[in-house]
$ cat work-v7.cif   # mmCIF, C-alpha atoms
data_entry
loop_
_atom_site.group_PDB
_atom_site.id
_atom_site.type_symbol
_atom_site.label_atom_id
_atom_site.label_comp_id
_atom_site.auth_asym_id
_atom_site.auth_seq_id
_atom_site.Cartn_x
_atom_site.Cartn_y
_atom_site.Cartn_z
ATOM 1 C CA MET A 1469 123.445 -73.849 -12.298
ATOM 2 C CA SER A 1470 124.908 -70.389 -12.624
ATOM 3 C CA ASP A 1471 123.021 -67.313 -13.836
ATOM 4 C CA LEU A 1472 125.413 -65.197 -15.885
ATOM 5 C CA VAL A 1473 124.649 -61.631 -16.913
ATOM 6 C CA THR A 1474 125.820 -60.850 -20.422
ATOM 7 C CA GLY A 1475 127.007 -57.506 -21.730
ATOM 8 C CA GLU A 1476 123.470 -56.949 -23.070
ATOM 9 C CA ALA A 1477 122.029 -57.316 -19.537
ATOM 10 C CA VAL A 1478 120.654 -60.780 -20.283
ATOM 11 C CA VAL A 1479 120.768 -63.479 -17.668
ATOM 12 C CA LEU A 1480 121.806 -66.837 -19.088
ATOM 13 C CA GLY A 1481 121.216 -70.135 -17.356
ATOM 14 C CA LEU A 1482 124.559 -71.901 -17.873
ATOM 15 C CA ARG A 1483 125.753 -74.943 -15.989
ATOM 16 C CA THR A 1484 129.353 -74.426 -14.924
ATOM 17 C CA ALA A 1485 131.786 -77.297 -15.329
ATOM 18 C CA LYS A 1486 133.223 -78.711 -12.117
ATOM 19 C CA LEU A 1487 136.644 -80.101 -11.300
ATOM 20 C CA PRO A 1488 136.195 -83.776 -12.389
ATOM 21 C CA SER A 1489 134.992 -82.976 -15.915
ATOM 22 C CA ARG A 1490 137.518 -80.193 -16.343
ATOM 23 C CA GLY A 1491 140.331 -82.392 -15.090
ATOM 24 C CA LEU A 1492 139.421 -85.143 -17.535
ATOM 25 C CA ALA A 1493 139.286 -82.646 -20.407
ATOM 26 C CA VAL A 1494 142.725 -81.268 -19.490
ATOM 27 C CA THR A 1495 144.103 -84.825 -19.283
ATOM 28 C CA LEU A 1496 142.860 -85.601 -22.803
ATOM 29 C CA ASP A 1497 144.323 -82.366 -24.139
ATOM 30 C CA LEU A 1498 147.697 -82.987 -22.484
ATOM 31 C CA ALA A 1499 147.819 -86.551 -23.769
ATOM 32 C CA VAL A 1500 147.268 -85.406 -27.357
ATOM 33 C CA GLN A 1501 149.797 -82.601 -26.993
ATOM 34 C CA LEU A 1502 152.484 -84.851 -25.495
ATOM 35 C CA VAL A 1503 151.975 -87.475 -28.188
ATOM 36 C CA GLY A 1504 152.363 -84.829 -30.854
ATOM 37 C CA LEU A 1505 155.461 -83.452 -29.138
ATOM 38 C CA VAL A 1506 157.135 -86.874 -28.851
ATOM 39 C CA VAL A 1507 156.321 -87.895 -32.421
ATOM 40 C CA THR A 1508 157.589 -84.607 -33.844
ATOM 41 C CA THR A 1509 160.795 -84.840 -31.785
ATOM 42 C CA LEU A 1510 161.473 -88.385 -32.993
ATOM 43 C CA VAL A 1511 160.880 -87.434 -36.610
ATOM 44 C CA LEU A 1512 163.232 -84.464 -36.363
ATOM 45 C CA SER A 1513 165.889 -86.590 -34.675
ATOM 46 C CA LEU A 1514 165.717 -89.071 -37.552
ATOM 47 C CA LEU A 1515 165.822 -86.361 -40.197
ATOM 48 C CA ALA A 1516 168.691 -84.426 -38.581
ATOM 49 C CA PRO A 1517 170.808 -86.854 -36.493
ATOM 50 C CA ASP A 1518 173.943 -84.670 -36.619
ATOM 51 C CA LEU A 1519 172.590 -81.777 -34.525
ATOM 52 C CA ASP A 1520 174.757 -80.697 -31.619
ATOM 53 C CA SER A 1521 173.485 -80.450 -28.053
ATOM 54 C CA ALA A 1522 172.728 -76.700 -28.262
ATOM 55 C CA ALA A 1523 170.620 -77.151 -31.388
ATOM 56 C CA VAL A 1524 168.808 -80.095 -29.844
ATOM 57 C CA ALA A 1525 168.025 -78.042 -26.735
ATOM 58 C CA ALA A 1526 166.744 -75.121 -28.830
ATOM 59 C CA VAL A 1527 164.556 -77.381 -30.959
ATOM 60 C CA THR A 1528 163.202 -79.130 -27.865
ATOM 61 C CA ILE A 1529 162.285 -75.834 -26.184
ATOM 62 C CA GLY A 1530 160.677 -74.561 -29.372
ATOM 63 C CA LEU A 1531 158.594 -77.688 -29.835
ATOM 64 C CA THR A 1532 157.560 -77.649 -26.178
ATOM 65 C CA VAL A 1533 156.338 -74.064 -26.430
ATOM 66 C CA LEU A 1534 154.598 -74.867 -29.714
ATOM 67 C CA PHE A 1535 152.680 -77.934 -28.523
ATOM 68 C CA LEU A 1536 151.985 -76.927 -24.918
ATOM 69 C CA VAL A 1537 151.346 -73.183 -25.285
ATOM 70 C CA ALA A 1538 150.929 -71.932 -28.857
ATOM 71 C CA LEU A 1539 148.738 -74.688 -30.281
ATOM 72 C CA PRO A 1540 146.287 -74.761 -27.334
ATOM 73 C CA ILE A 1541 145.897 -70.976 -27.558
ATOM 74 C CA MET A 1542 145.332 -71.098 -31.308
ATOM 75 C CA ILE A 1543 142.867 -73.998 -31.126
ATOM 76 C CA GLU A 1544 140.873 -72.419 -28.306
ATOM 77 C CA THR A 1545 140.694 -69.104 -30.172
ATOM 78 C CA LEU A 1546 139.641 -70.571 -33.531
ATOM 79 C CA SER A 1547 137.133 -72.995 -31.998
ATOM 80 C CA ARG A 1548 135.574 -70.335 -29.736
ATOM 81 C CA GLY A 1549 136.603 -72.060 -26.530
ATOM 82 C CA ARG A 1550 136.503 -75.759 -27.449
ATOM 83 C CA SER A 1551 139.659 -77.841 -27.285
ATOM 84 C CA LEU A 1552 139.688 -81.535 -28.145
ATOM 85 C CA GLY A 1553 139.122 -82.605 -24.551
ATOM 86 C CA LYS A 1554 136.379 -80.035 -23.971
ATOM 87 C CA ALA A 1555 134.614 -80.995 -27.183
ATOM 88 C CA ALA A 1556 134.669 -84.655 -26.132
ATOM 89 C CA LEU A 1557 133.051 -83.806 -22.775
ATOM 90 C CA GLY A 1558 130.652 -81.149 -24.022
ATOM 91 C CA LEU A 1559 132.446 -78.210 -22.401
ATOM 92 C CA ARG A 1560 133.249 -74.751 -23.674
ATOM 93 C CA VAL A 1561 135.200 -71.752 -22.441
ATOM 94 C CA VAL A 1562 133.193 -68.515 -22.405
ATOM 95 C CA ARG A 1563 133.705 -65.067 -21.005
ATOM 96 C CA SER A 1564 132.362 -64.270 -17.567
ATOM 97 C CA ASP A 1565 129.505 -62.362 -19.234
ATOM 98 C CA GLY A 1566 128.589 -65.400 -21.347
ATOM 99 C CA GLY A 1567 130.115 -64.182 -24.623
ATOM 100 C CA PRO A 1568 132.626 -66.072 -26.791
ATOM 101 C CA VAL A 1569 136.307 -65.885 -25.899
ATOM 102 C CA ARG A 1570 138.796 -63.987 -28.019
ATOM 103 C CA PHE A 1571 142.523 -64.242 -28.554
ATOM 104 C CA ARG A 1572 143.449 -62.209 -25.487
ATOM 105 C CA HIS A 1573 141.406 -64.479 -23.227
ATOM 106 C CA SER A 1574 142.953 -67.622 -24.708
ATOM 107 C CA LEU A 1575 146.432 -66.089 -24.477
ATOM 108 C CA VAL A 1576 146.103 -65.378 -20.753
ATOM 109 C CA ARG A 1577 144.581 -68.798 -20.112
ATOM 110 C CA GLY A 1578 147.352 -70.536 -22.055
ATOM 111 C CA LEU A 1579 150.243 -68.706 -20.382
ATOM 112 C CA VAL A 1580 148.871 -69.054 -16.854
ATOM 113 C CA GLY A 1581 147.795 -72.630 -17.543
ATOM 114 C CA PHE A 1582 151.313 -73.622 -18.578
ATOM 115 C CA LEU A 1583 152.580 -72.470 -15.189
ATOM 116 C CA GLU A 1584 149.806 -73.765 -12.943
ATOM 117 C CA ILE A 1585 149.112 -77.072 -14.738
ATOM 118 C CA ILE A 1586 152.416 -78.177 -16.276
ATOM 119 C CA VAL A 1587 155.165 -76.430 -14.311
ATOM 120 C CA LEU A 1588 153.439 -76.715 -10.921
ATOM 121 C CA PHE A 1589 151.743 -80.073 -11.732
ATOM 122 C CA GLY A 1590 148.227 -78.640 -11.509
ATOM 123 C CA VAL A 1591 148.274 -77.999 -7.752
ATOM 124 C CA PRO A 1592 147.230 -74.298 -7.952
ATOM 125 C CA ALA A 1593 144.554 -75.162 -10.515
ATOM 126 C CA VAL A 1594 143.008 -77.826 -8.297
ATOM 127 C CA ILE A 1595 143.032 -75.629 -5.187
ATOM 128 C CA CYS A 1596 141.518 -72.660 -7.008
ATOM 129 C CA SER A 1597 138.835 -74.802 -8.671
ATOM 130 C CA VAL A 1598 137.814 -76.320 -5.350
ATOM 131 C CA VAL A 1599 137.624 -72.935 -3.622
ATOM 132 C CA SER A 1600 135.795 -71.163 -6.466
ATOM 133 C CA SER A 1601 132.036 -71.593 -6.556
ATOM 134 C CA GLU A 1602 132.175 -71.568 -10.361
ATOM 135 C CA GLY A 1603 135.093 -73.993 -10.629
ATOM 136 C CA LYS A 1604 137.520 -71.398 -11.989
ATOM 137 C CA ARG A 1605 141.250 -71.991 -12.073
ATOM 138 C CA LEU A 1606 143.829 -69.203 -11.953
ATOM 139 C CA GLY A 1607 143.826 -68.830 -15.732
ATOM 140 C CA ASP A 1608 140.081 -68.224 -15.690
ATOM 141 C CA VAL A 1609 140.395 -65.694 -12.873
ATOM 142 C CA PHE A 1610 143.037 -63.642 -14.681
ATOM 143 C CA ALA A 1611 141.416 -63.968 -18.118
ATOM 144 C CA GLY A 1612 137.852 -63.357 -16.959
ATOM 145 C CA THR A 1613 136.563 -66.636 -18.388
ATOM 146 C CA LEU A 1614 134.472 -69.594 -17.302
ATOM 147 C CA VAL A 1615 134.126 -73.215 -18.421
ATOM 148 C CA VAL A 1616 130.496 -74.253 -18.891
ATOM 149 C CA ARG A 1617 128.559 -77.254 -20.123
ATOM 150 C CA GLU A 1618 127.006 -76.775 -23.514
ATOM 151 C CA ARG A 1619 123.340 -77.460 -24.118
ATOM 152 C CA VAL A 1620 122.519 -80.458 -26.233
ATOM 153 C CA PRO A 1621 119.966 -79.523 -28.931
ATOM 154 C CA GLY A 1622 116.695 -81.281 -28.374
ATOM 155 C CA GLY A 1623 117.582 -82.290 -24.845
ATOM 156 C CA GLY A 1624 114.844 -82.972 -22.397
ATOM 157 C CA GLY A 1625 115.885 -80.236 -19.996
ATOM 158 C CA ALA A 1626 115.498 -77.440 -22.496
ATOM 159 C CA ALA A 1627 112.364 -75.481 -23.170
ATOM 160 C CA ALA A 1628 111.064 -76.231 -26.651
ATOM 161 C CA ALA A 1629 109.574 -72.808 -27.384
ATOM 162 C CA LEU A 1630 107.310 -70.176 -25.912
ATOM 163 C CA PRO A 1631 104.532 -71.739 -23.823
ATOM 164 C CA PRO A 1632 101.226 -71.890 -25.736
ATOM 165 C CA VAL A 1633 98.526 -69.411 -24.816
ATOM 166 C CA ASP A 1634 94.823 -70.131 -25.013
ATOM 167 C CA PRO A 1635 93.367 -68.186 -27.991
ATOM 168 C CA GLN A 1636 90.432 -66.882 -25.957
ATOM 169 C CA LEU A 1637 92.774 -65.653 -23.236
ATOM 170 C CA LEU A 1638 95.024 -64.038 -25.810
ATOM 171 C CA GLN A 1639 92.015 -62.304 -27.367
ATOM 172 C CA ALA A 1640 90.941 -61.094 -23.942
ATOM 173 C CA ILE A 1641 94.279 -59.451 -23.209
ATOM 174 C CA GLY A 1642 94.567 -57.984 -26.711
ATOM 175 C CA GLY A 1643 92.755 -54.802 -25.734
ATOM 176 C CA GLU A 1644 94.932 -54.435 -22.656
ATOM 177 C CA LEU A 1645 98.075 -54.754 -24.772
ATOM 178 C CA ILE A 1646 96.900 -52.019 -27.136
ATOM 179 C CA ALA A 1647 96.178 -49.709 -24.183
ATOM 180 C CA LEU A 1648 99.551 -50.279 -22.495
ATOM 181 C CA ASP A 1649 101.772 -47.243 -22.031
ATOM 182 C CA LEU A 1650 105.221 -48.448 -23.081
ATOM 183 C CA SER A 1651 106.941 -45.070 -23.022
ATOM 184 C CA ALA A 1652 108.428 -45.662 -19.544
ATOM 185 C CA VAL A 1653 110.098 -48.957 -20.498
ATOM 186 C CA PRO A 1654 113.841 -48.333 -21.001
ATOM 187 C CA GLU A 1655 115.665 -49.661 -24.033
ATOM 188 C CA PRO A 1656 117.963 -51.977 -21.999
ATOM 189 C CA LEU A 1657 114.899 -53.820 -20.705
ATOM 190 C CA TRP A 1658 113.587 -54.296 -24.253
ATOM 191 C CA LEU A 1659 116.983 -55.595 -25.267
ATOM 192 C CA ALA A 1660 116.974 -58.026 -22.346
ATOM 193 C CA VAL A 1661 113.518 -59.293 -23.319
ATOM 194 C CA ARG A 1662 114.552 -59.814 -26.952
ATOM 195 C CA GLN A 1663 117.737 -61.637 -25.987
ATOM 196 C CA PHE A 1664 115.903 -63.847 -23.503
ATOM 197 C CA LEU A 1665 113.172 -64.821 -25.956
ATOM 198 C CA GLY A 1666 115.812 -65.549 -28.590
ATOM 199 C CA ARG A 1667 117.634 -67.994 -26.289
ATOM 200 C CA ILE A 1668 114.716 -69.490 -24.399
ATOM 201 C CA GLY A 1669 115.180 -72.779 -26.235
ATOM 202 C CA GLU A 1670 118.663 -73.160 -24.715
ATOM 203 C CA LEU A 1671 117.544 -72.805 -21.093
ATOM 204 C CA ASP A 1672 116.110 -75.234 -18.583
ATOM 205 C CA ARG A 1673 112.392 -74.891 -18.050
ATOM 206 C CA ALA A 1674 112.809 -73.887 -14.412
ATOM 207 C CA VAL A 1675 115.468 -71.335 -15.260
ATOM 208 C CA ALA A 1676 113.413 -69.965 -18.172
ATOM 209 C CA HIS A 1677 110.346 -69.592 -15.940
ATOM 210 C CA ARG A 1678 112.341 -67.823 -13.221
ATOM 211 C CA MET A 1679 113.987 -65.454 -15.670
ATOM 212 C CA SER A 1680 110.762 -64.694 -17.525
ATOM 213 C CA ALA A 1681 108.991 -63.947 -14.245
ATOM 214 C CA ARG A 1682 111.780 -61.564 -13.265
ATOM 215 C CA LEU A 1683 111.633 -59.738 -16.592
ATOM 216 C CA ALA A 1684 107.836 -59.636 -16.497
ATOM 217 C CA ASP A 1685 107.937 -58.064 -13.026
ATOM 218 C CA ASP A 1686 110.374 -55.420 -14.266
ATOM 219 C CA LEU A 1687 108.107 -54.725 -17.215
ATOM 220 C CA ALA A 1688 104.999 -54.554 -15.027
ATOM 221 C CA ALA A 1689 106.708 -52.095 -12.668
ATOM 222 C CA ARG A 1690 107.119 -49.644 -15.567
ATOM 223 C CA THR A 1691 103.791 -50.177 -17.337
ATOM 224 C CA GLY A 1692 101.630 -50.524 -14.241
ATOM 225 C CA HIS A 1693 99.947 -53.694 -15.537
ATOM 226 C CA PRO A 1694 100.923 -57.080 -14.091
ATOM 227 C CA VAL A 1695 100.903 -60.322 -16.035
ATOM 228 C CA PRO A 1696 97.305 -61.497 -16.531
ATOM 229 C CA TYR A 1697 96.273 -64.516 -14.544
ATOM 230 C CA GLY A 1698 96.804 -67.773 -16.410
ATOM 231 C CA VAL A 1699 99.377 -66.415 -18.864
ATOM 232 C CA HIS A 1700 102.945 -67.675 -18.729
ATOM 233 C CA PRO A 1701 105.383 -64.781 -18.143
ATOM 234 C CA ALA A 1702 107.413 -65.727 -21.222
ATOM 235 C CA ALA A 1703 104.294 -65.714 -23.411
ATOM 236 C CA TYR A 1704 103.285 -62.340 -21.990
ATOM 237 C CA LEU A 1705 106.745 -60.943 -22.725
ATOM 238 C CA GLY A 1706 106.443 -62.153 -26.304
ATOM 239 C CA ALA A 1707 102.991 -60.553 -26.666
ATOM 240 C CA VAL A 1708 104.156 -57.193 -25.269
ATOM 241 C CA LEU A 1709 107.250 -57.225 -27.455
ATOM 242 C CA THR A 1710 105.087 -57.962 -30.496
ATOM 243 C CA GLU A 1711 102.817 -55.042 -29.585
ATOM 244 C CA ARG A 1712 105.824 -52.721 -29.362
ATOM 245 C CA GLN A 1713 107.092 -53.891 -32.737
ATOM 246 C CA ARG A 1714 103.623 -53.302 -34.200
ATOM 247 C CA ARG A 1715 103.640 -49.744 -32.897
ATOM 248 C CA GLU A 1716 107.096 -49.117 -34.285
ATOM 249 C CA TRP A 1717 106.028 -50.469 -37.673
ATOM 250 C CA THR A 1718 102.887 -48.303 -37.660
ATOM 251 C CA ARG A 1719 104.940 -45.252 -36.701
ATOM 252 C CA ALA A 1720 107.420 -45.973 -39.464
ATOM 253 C CA GLN A 1721 104.629 -46.410 -42.017
ATOM 254 C CA GLY A 1722 103.043 -43.108 -40.924
ATOM 255 C CA HIS A 1723 106.348 -41.313 -41.274
ATOM 256 C CA ALA A 1724 106.858 -42.784 -44.736
ATOM 257 C CA PHE A 1725 103.302 -41.765 -45.778
ATOM 258 C CA GLN A 1726 103.863 -38.232 -44.494
ATOM 259 C CA GLN A 1727 107.132 -37.994 -46.395
ATOM 260 C CA ARG A 1728 105.468 -39.167 -49.596
ATOM 261 C CA ALA A 1729 102.654 -36.641 -49.113
ATOM 262 C CA GLN A 1730 105.156 -33.806 -48.676
ATOM 263 C CA ASN A 1731 107.040 -34.847 -51.784
ATOM 264 C CA GLN A 1732 103.807 -35.057 -53.780
ATOM 265 C CA HIS A 1733 102.705 -31.613 -52.588
ATOM 266 C CA GLN A 1734 106.082 -30.177 -53.525
ATOM 267 C CA HIS A 1735 105.855 -31.672 -57.016
ATOM 268 C CA GLN A 1736 102.321 -30.282 -57.478
ATOM 269 C CA THR A 1737 103.462 -26.828 -56.399
ATOM 270 C CA GLN A 1738 106.311 -26.896 -58.880
ATOM 271 C CA ALA A 1739 103.967 -28.076 -61.643
ATOM 272 C CA GLN A 1740 101.483 -25.264 -60.945
ATOM 273 C CA GLY A 1741 104.275 -22.694 -61.018
ATOM 274 C CA GLN A 1742 105.402 -23.911 -64.409
ATOM 275 C CA GLN A 1743 101.798 -23.873 -65.701
ATOM 276 C CA TYR A 1744 101.207 -20.140 -65.003
ATOM 277 C CA ALA A 1745 104.612 -18.986 -66.215
ATOM 278 C CA PRO A 1746 104.571 -17.109 -69.601
ATOM 279 C CA GLN A 1747 105.574 -19.441 -72.335
ATOM 280 C CA GLN A 1748 106.458 -18.878 -76.017
ATOM 281 C CA TYR A 1749 105.319 -21.524 -78.473
ATOM 282 C CA GLY A 1750 106.908 -22.015 -81.891
ATOM 283 C CA PRO A 1751 110.083 -20.484 -83.246
ATOM 284 C CA PRO A 1752 110.774 -16.843 -82.430
ATOM 285 C CA GLN A 1753 109.380 -14.361 -85.006
ATOM 286 C CA HIS A 1754 111.687 -11.726 -86.519
ATOM 287 C CA HIS A 1755 109.942 -8.346 -87.128
ATOM 288 C CA PRO A 1756 111.374 -6.171 -89.961
ATOM 289 C CA ALA A 1757 113.131 -3.019 -88.908
ATOM 290 C CA PRO A 1758 111.205 0.263 -89.577
ATOM 291 C CA PRO A 1759 112.271 2.070 -92.776
ATOM 292 C CA ALA A 1760 114.815 4.796 -92.379
ATOM 293 C CA PRO A 1761 113.524 8.429 -92.829
ATOM 294 C CA PRO A 1762 114.268 10.031 -96.237
ATOM 295 C CA ALA A 1763 117.417 12.005 -96.417
ATOM 296 C CA PRO A 1764 117.020 15.798 -96.727
ATOM 297 C CA PRO A 1765 117.702 17.291 -100.194
ATOM 298 C CA ASN A 1766 121.183 18.495 -100.832
ATOM 299 C CA PRO A 1767 121.536 22.278 -100.704
ATOM 300 C CA PRO A 1768 122.460 23.906 -103.987
ATOM 301 C CA ALA A 1769 126.052 24.539 -104.660
ATOM 302 C CA SER A 1770 127.140 28.140 -104.309
ATOM 303 C CA GLY A 1771 128.074 30.143 -107.440
ATOM 304 C CA THR A 1772 125.721 28.481 -109.890
ATOM 305 C CA GLY A 1773 123.465 31.571 -110.409
ATOM 306 C CA PHE A 1774 120.313 29.584 -109.919
ATOM 307 C CA ALA A 1775 117.570 31.083 -107.794
ATOM 308 C CA PRO A 1776 114.310 29.535 -106.831
ATOM 309 C CA PRO A 1777 111.190 30.952 -108.444
ATOM 310 C CA ALA A 1778 109.347 33.657 -106.559
#
$ encode --input "work-v7.cif" --output "structure tokens"
Amino acid sequence: MSDLVTGEAVVLGLRTAKLPSRGLAVTLDLAVQLVGLVVTTLVLSLLAPDLDSAAVAAVTIGLTVLFLVALPIMIETLSRGRSLGKAALGLRVVRSDGGPVRFRHSLVRGLVGFLEIIVLFGVPAVICSVVSSEGKRLGDVFAGTLVVRERVPGGGGAAAALPPVDPQLLQAIGGELIALDLSAVPEPLWLAVRQFLGRIGELDRAVAHRMSARLADDLAARTGHPVPYGVHPAAYLGAVLTERQRREWTRAQGHAFQQRAQNQHQHQTQAQGQQYAPQQYGPPQHHPAPPAPPAPPNPPASGTGFAPPA
């Protein structure tokens, strides 16, 4: 059993594949590849019997690279680390941190594997696998990968779910959970707890208990409250994580309520401002213009001989 630490700081209990199972998987893969290479070569020789020696050599090299290098790389990339031989034996290639392999990992494994397994007849691969505690060959060392045994769903060695907790005991620790100070718990530790609880069904019971105890100790060191007596560490981790999620939900609801209250107050203020503003109802009234003052009388024309009465 090998405990791998993923990029999310989660320890995974994965059983590394050893030399016998890996050797058998490689033998199955090589057998299928060689059969495909021979059949394709025979078909091409029947379809094009007039090829000269140079063309035959070029076609042979191209088919060899295709079946022994390109196809294994493509199959391993598309299947996330499972070739035909590995799938038959329940093996898978993963990164050293437990994540799925990508094209660059499969490319390095395929190129190095062609040299150490086919060109050098597998001698470097066997020596490196025997020396390595994780059974890695040279391709795994250079690519940063690892071959592990996959878990069988519903197997007897896997933990079914979180261990059950007595309802009375859970009620007794409820007040302690509410009073816990979770401000000192870093985010990476929360992420590790979530990832562990999400994959607890894929781990052996002993490994799950050891990992949950380790995470619970880390959590207790930051909260100052150890795991209550009689409670499984994994169940306690689930209860504390649920309490944190409840607080986050409550905080989010309070923020949303405060935002709605501010918006409502703003709308009321705008409505009150519009209420006290001077308003004009009905169509605008047109007032008649004041009459113009009377024009002064015209002065009499000169030379008429008319004089006003005395």
$ atom_distance --input "work-v7.cif" --atom1 "CA of Pro1694 (chain A)" --atom2 "CA of Val1708 (chain A)"
11.6 Å
$ residues_around --input "work-v7.cif" --residues "region 1716-1723 of chain A" --least-positions-apart "6" --cutoff "12 Å" --atoms "only C-alpha atoms" --output "number ranges by chain"
A: 1650-1651, 1709-1710, 1729-1730
$ residues_around --input "work-v7.cif" --residues "region 1674-1690 of chain A" --least-positions-apart "6" --cutoff "6 Å" --atoms "all atoms listed in the file" --output "JSON list (two decimals) with C-alpha atoms, in the coordinates of the input"
[["chain", "number", "residue", "atom", "x", "y", "z"],
["A", 1652, "ALA", "CA", 108.43, -45.66, -19.54],
["A", 1653, "VAL", "CA", 110.10, -48.96, -20.50],
["A", 1701, "PRO", "CA", 105.38, -64.78, -18.14],
["A", 1702, "ALA", "CA", 107.41, -65.73, -21.22]]
$ atom_distance --input "work-v7.cif" --atom1 "CA of Thr1613 (chain A)" --atom2 "CA of His1573 (chain A)"
7.2 Å
$ closest_residue --input "work-v7.cif" --among "A:Ser1489, A:Gln1736, A:Thr1691, A:Asn1731" --to "Leu1557 (chain A)" --atoms "all atoms listed in the file"
A:Ser1489
$ resolve_selection --input "work-v7.cif" --expression "the PyMOL selection byres ((chain A and resi 1607) around 7)" --output "list in words"
Val1576, Arg1577, Val1580, Gly1581, Arg1605, Leu1606, Asp1608, Val1609, Phe1610 and Ala1611 of chain A
$ atom_distance --input "work-v7.cif" --atom1 "CA of Val1561 (chain A)" --atom2 "CA of Leu1657 (chain A)"
27.1 Å
$ resolve_selection --input "work-v7.cif" --expression "the PyMOL selection byres ((chain A and resi 1665) around 9)" --output "list in words"
Ala1629, Leu1630, Ala1660, Val1661, Arg1662, Gln1663, Phe1664, Gly1666, Arg1667, Ile1668, Gly1669, Ser1680, Ala1702, Leu1705 and Gly1706 of chain A
$ resolve_selection --input "work-v7.cif" --expression "the PyMOL selection byres ((chain A and resi 1563) around 9)" --output "PyMOL selection string"
chain A and resi 1474+1561-1562+1564-1570+1573+1608+1611-1615
$ residues_around --input "work-v7.cif" --residues "Leu1492 (chain A)" --least-positions-apart "3" --cutoff "9 Å" --atoms "all atoms listed in the file" --output "PDB file with C-alpha atoms, in the frame of the given file"
ATOM      1  CA  LEU A1487     136.644 -80.101 -11.300  1.00  0.00           C
ATOM      2  CA  PRO A1488     136.195 -83.776 -12.389  1.00  0.00           C
ATOM      3  CA  SER A1489     134.992 -82.976 -15.915  1.00  0.00           C
ATOM      4  CA  THR A1495     144.103 -84.825 -19.283  1.00  0.00           C
ATOM      5  CA  LEU A1496     142.860 -85.601 -22.803  1.00  0.00           C
ATOM      6  CA  ASP A1497     144.323 -82.366 -24.139  1.00  0.00           C
ATOM      7  CA  GLY A1553     139.122 -82.605 -24.551  1.00  0.00           C
ATOM      8  CA  LYS A1554     136.379 -80.035 -23.971  1.00  0.00           C
ATOM      9  CA  LEU A1557     133.051 -83.806 -22.775  1.00  0.00           C
TER      10      LEU A1557
END
$ residues_around --input "work-v7.cif" --residues "region 1532-1534 of chain A" --least-positions-apart "5" --cutoff "10 Å" --atoms "all atoms listed in the file" --output "number ranges by chain"
A: 1501-1502, 1505-1506, 1509, 1526-1527, 1539-1541, 1582
$ closest_residue --input "work-v7.cif" --among "A:Ile1646, A:Ile1529, A:Leu1536, A:Gly1698" --to "Gln1713 (chain A)" --atoms "only C-alpha atoms"
A:Ile1646
